[in-house]
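All remarks here apply to the structure that follows.
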Amino acid sequence: MCCCAYRPPNASLSSFKALLSFFSSCISSINDDSYDIMMTGDYNLPLIDWQTNCVQPGGTQEIQQSAQKFLAFLSDHLLSQYVMCPTRGNNVLDLFITNNDRVVT
């Protein structure tokens, strides 16, 4: 499964939760455990520290909750994020996520 997404910086928590719910239903509809998931895009979640997979303080409560929901989504689906260098200023906003580290070079 391959998908690409853009989360605007001002996206509401409800719209982001709807996106994650859609992704979850797509993943759940696959009946084969040998599938690979690859997700990429600009998620605009600068508060996530990808070295520790923790949400840093700051931003609005809605952005904090979006970041926490995203980390929970990744954990629930056994997904890892692989971009560790900043992609915009000092922030890692553009992400590559997969359940298979063999697709990362």
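By convention here, the chains of the structure tokens are called A, B, ... in the order presented, each chain's residues are numbered starting at 1, and ligands are numbered starting at 1 in the order presented.
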Open item on the list: I'd like the neighbourhood of range 20-29 of chain A as a PyMOL selection string, where a residue qualifies if any of its atoms comes within 10 Å (using only C-alpha atoms), though same-chain residues fewer than 4 positions away should be ignored.
Closed with: chain A and resi 1+3+14-16+35-37+39+69-70+73-74+76-77
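Nearest to Asp49 in chain A of all the residues A:Leu19, A:Ala67, A:Val104, A:Leu78 is A:Ala67, based on only C-alpha atoms.
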Open item on the list: Using only C-alpha atoms, which protein or nucleic acid residues come within 9 Å of range 93-97 of chain A? Drop anything in the same chain fewer than 4 positions from it, and give the result as a list in words.
Closed with: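 Surrounding residues, per the criterion: Ile37, Met38, Met39, Thr40, Gly41, Asp42, Tyr43, Asn44, Leu45, Pro46, Leu74, Leu79, Ser80, Gln81, Tyr82, Val83, Met84, Pro86, Thr87, Arg88 and Val104 of chain A.
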Keeping C-alpha atoms, export the residues of the selection given above as a JSON list (two decimals), in the first residue's frame.
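Below is the file that was written, part-v4.json:
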[["chain", "number", "residue", "atom", "x", "y", "z"],
["A", 37, "ILE", "CA", 2.99, 0.03, 3.72],
["A", 38, "MET", "CA", 4.72, 3.15, 2.44],
["A", 39, "MET", "CA", 3.43, 6.58, 3.38],
["A", 40, "THR", "CA", 5.00, 9.86, 2.44],
["A", 41, "GLY", "CA", 4.05, 13.49, 2.53],
["A", 42, "ASP", "CA", 4.20, 16.78, 4.34],
["A", 43, "TYR", "CA", 2.50, 16.28, 7.70],
["A", 44, "ASN", "CA", 3.44, 19.67, 9.21],
["A", 45, "LEU", "CA", 3.96, 18.32, 12.72],
["A", 46, "PRO", "CA", 7.12, 20.15, 13.84],
["A", 74, "LEU", "CA", 2.22, 4.82, 13.84],
["A", 79, "LEU", "CA", 5.05, 1.86, 11.36],
["A", 80, "SER", "CA", 8.37, 3.72, 11.54],
["A", 81, "GLN", "CA", 9.31, 7.15, 10.23],
["A", 82, "TYR", "CA", 12.75, 7.39, 8.58],
["A", 83, "VAL", "CA", 13.46, 11.06, 7.74],
["A", 84, "MET", "CA", 15.72, 12.43, 10.47],
["A", 86, "PRO", "CA", 15.26, 18.85, 8.73],
["A", 87, "THR", "CA", 13.18, 19.32, 5.58],
["A", 88, "ARG", "CA", 11.98, 22.87, 6.30],
["A", 104, "VAL", "CA", 14.63, 2.24, 2.96]]
Run DSSP on the backbone and tell me which residues of range 15-102 of chain A come out as strand (DSSP E); list them as a compact mmCIF listing (two decimals) with all heavy atoms, in the first residue's frame.
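Okay, result_3.txt is ready:
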# COMPACT_ATOMS: atom_id res chain seq x y z
N MET A 38 3.82 2.02 2.64
CA MET A 38 4.72 3.15 2.44
C MET A 38 3.86 4.41 2.40
O MET A 38 2.95 4.51 1.59
CB MET A 38 5.52 3.00 1.16
CG MET A 38 6.54 1.87 1.24
SD MET A 38 7.30 1.49 -0.33
CE MET A 38 6.04 0.43 -1.03
N MET A 39 4.15 5.31 3.30
CA MET A 39 3.43 6.58 3.38
C MET A 39 4.44 7.70 3.31
O MET A 39 5.49 7.64 3.94
CB MET A 39 2.66 6.67 4.71
CG MET A 39 1.64 5.58 4.92
SD MET A 39 0.95 5.58 6.60
CE MET A 39 0.24 7.20 6.69
N THR A 40 4.12 8.71 2.55
CA THR A 40 5.00 9.86 2.44
C THR A 40 4.15 11.12 2.42
O THR A 40 2.94 11.06 2.25
CB THR A 40 5.90 9.75 1.19
OG1 THR A 40 6.87 10.78 1.24
CG2 THR A 40 5.11 9.80 -0.10
N GLY A 41 4.78 12.23 2.62
CA GLY A 41 4.05 13.49 2.53
C GLY A 41 4.56 14.52 3.52
O GLY A 41 5.47 14.28 4.30
N ASP A 42 3.90 15.66 3.46
CA ASP A 42 4.20 16.78 4.34
C ASP A 42 3.12 16.80 5.41
O ASP A 42 1.97 17.15 5.15
CB ASP A 42 4.20 18.08 3.53
CG ASP A 42 4.55 19.30 4.35
OD1 ASP A 42 4.60 19.20 5.59
OD2 ASP A 42 4.76 20.36 3.74
N ILE A 48 6.99 17.05 16.81
CA ILE A 48 7.43 15.66 17.04
C ILE A 48 8.95 15.60 16.93
O ILE A 48 9.54 16.01 15.94
CB ILE A 48 6.79 14.68 16.05
CG1 ILE A 48 5.28 14.66 16.23
CG2 ILE A 48 7.37 13.28 16.23
CD1 ILE A 48 4.53 13.77 15.24
N ASP A 49 9.57 15.08 17.97
CA ASP A 49 11.00 14.80 17.95
C ASP A 49 11.15 13.36 17.46
O ASP A 49 10.82 12.41 18.17
CB ASP A 49 11.58 14.95 19.36
CG ASP A 49 13.06 14.63 19.42
OD1 ASP A 49 13.59 13.97 18.50
OD2 ASP A 49 13.70 15.03 20.41
N CYS A 54 8.68 11.53 20.59
CA CYS A 54 7.94 12.24 21.63
C CYS A 54 7.48 13.59 21.08
O CYS A 54 8.12 14.16 20.20
CB CYS A 54 8.80 12.47 22.86
SG CYS A 54 9.23 10.96 23.73
N VAL A 55 6.39 14.09 21.66
CA VAL A 55 5.89 15.41 21.29
C VAL A 55 6.53 16.44 22.22
O VAL A 55 6.45 16.31 23.44
CB VAL A 55 4.35 15.47 21.40
CG1 VAL A 55 3.84 16.85 21.04
CG2 VAL A 55 3.71 14.41 20.50
N SER A 80 7.22 2.90 11.13
CA SER A 80 8.37 3.72 11.54
C SER A 80 8.57 4.84 10.54
O SER A 80 8.34 4.67 9.35
CB SER A 80 9.64 2.86 11.60
OG SER A 80 9.49 1.84 12.56
N GLN A 81 9.04 5.97 11.04
CA GLN A 81 9.31 7.15 10.23
C GLN A 81 10.82 7.26 10.09
O GLN A 81 11.56 7.15 11.06
CB GLN A 81 8.72 8.38 10.93
CG GLN A 81 8.58 9.61 10.06
CD GLN A 81 9.87 10.28 9.69
OE1 GLN A 81 10.18 10.40 8.51
NE2 GLN A 81 10.66 10.71 10.64
N ASP A 94 8.51 16.72 6.18
CA ASP A 94 8.29 15.76 5.10
C ASP A 94 8.76 14.40 5.58
O ASP A 94 9.91 14.22 5.97
CB ASP A 94 9.06 16.18 3.85
CG ASP A 94 8.69 17.59 3.42
OD1 ASP A 94 7.48 17.87 3.32
OD2 ASP A 94 9.60 18.41 3.21
N LEU A 95 7.84 13.44 5.56
CA LEU A 95 8.09 12.16 6.20
C LEU A 95 8.05 11.00 5.22
O LEU A 95 7.36 11.05 4.20
CB LEU A 95 7.04 11.91 7.29
CG LEU A 95 6.83 13.04 8.31
CD1 LEU A 95 5.72 12.66 9.28
CD2 LEU A 95 8.11 13.37 9.03
N PHE A 96 8.79 9.93 5.55
CA PHE A 96 8.67 8.64 4.86
C PHE A 96 8.44 7.61 5.95
O PHE A 96 9.26 7.43 6.84
CB PHE A 96 9.91 8.29 4.05
CG PHE A 96 9.74 6.97 3.35
CD1 PHE A 96 9.00 6.88 2.19
CD2 PHE A 96 10.29 5.81 3.88
CE1 PHE A 96 8.81 5.65 1.56
CE2 PHE A 96 10.10 4.59 3.27
CZ PHE A 96 9.36 4.51 2.10
N ILE A 97 7.32 6.91 5.84
CA ILE A 97 6.87 5.97 6.86
C ILE A 97 6.65 4.62 6.21
O ILE A 97 6.07 4.53 5.13
CB ILE A 97 5.55 6.49 7.49
CG1 ILE A 97 5.79 7.86 8.12
CG2 ILE A 97 4.98 5.49 8.46
CD1 ILE A 97 4.55 8.68 8.28
N THR A 98 7.09 3.56 6.90
CA THR A 98 6.88 2.22 6.36
C THR A 98 6.87 1.19 7.50
O THR A 98 7.31 1.48 8.61
CB THR A 98 7.97 1.85 5.33
OG1 THR A 98 7.67 0.57 4.75
CG2 THR A 98 9.36 1.81 5.94
- [ ] Would you please work out which residue, of A:Asn10, A:Asn91, A:Thr105, A:Gln68, is nearest to Asn53 in chain A when using only C-alpha atoms?
- [x]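 Once distances to Asn53 in chain A are computed over only C-alpha atoms, the minimum belongs to A:Gln68.
Residue nearest Glu62 in chain A within the list A:Leu47, A:Cys85, A:Ile30, A:Ser75: A:Leu47 [criterion: smallest interatomic distance, only C-alpha atoms].
Put simply, CA of Ser66 in chain A is 20.6 Å away from CA of Gly89 in chain A.
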Open item on the list: I'd like to know which residues of range 16-104 of chain A are helix (DSSP H, G or I) (by DSSP, run on the backbone); could you write them as a ChimeraX atom specification?
Closed with: /A:16-28,61-76,101-103
- [ ] Would you please work out which residue, of A:Thr52, A:Gln64, A:Ser34, A:Asn99, is nearest to Leu13 in chain A when using only C-alpha atoms?
- [x]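 Counting only C-alpha atoms, the residue closest to Leu13 in chain A is A:Gln64.
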Open item on the list: For a test of reading the model, state the distance in Å between CA of Asn90 in chain A and CA of Pro9 in chain A, rounded to one decimal.
Closed with: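 Going from CA of Asn90 in chain A over to CA of Pro9 in chain A, I get 15.4 Å.
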TODO: Grab the CA of Gln51 in chain A to CA of Arg102 in chain A distance for me, in Å with one decimal place.
DONE: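 Interatomic distance, CA of Gln51 in chain A to CA of Arg102 in chain A: 19.6 Å.
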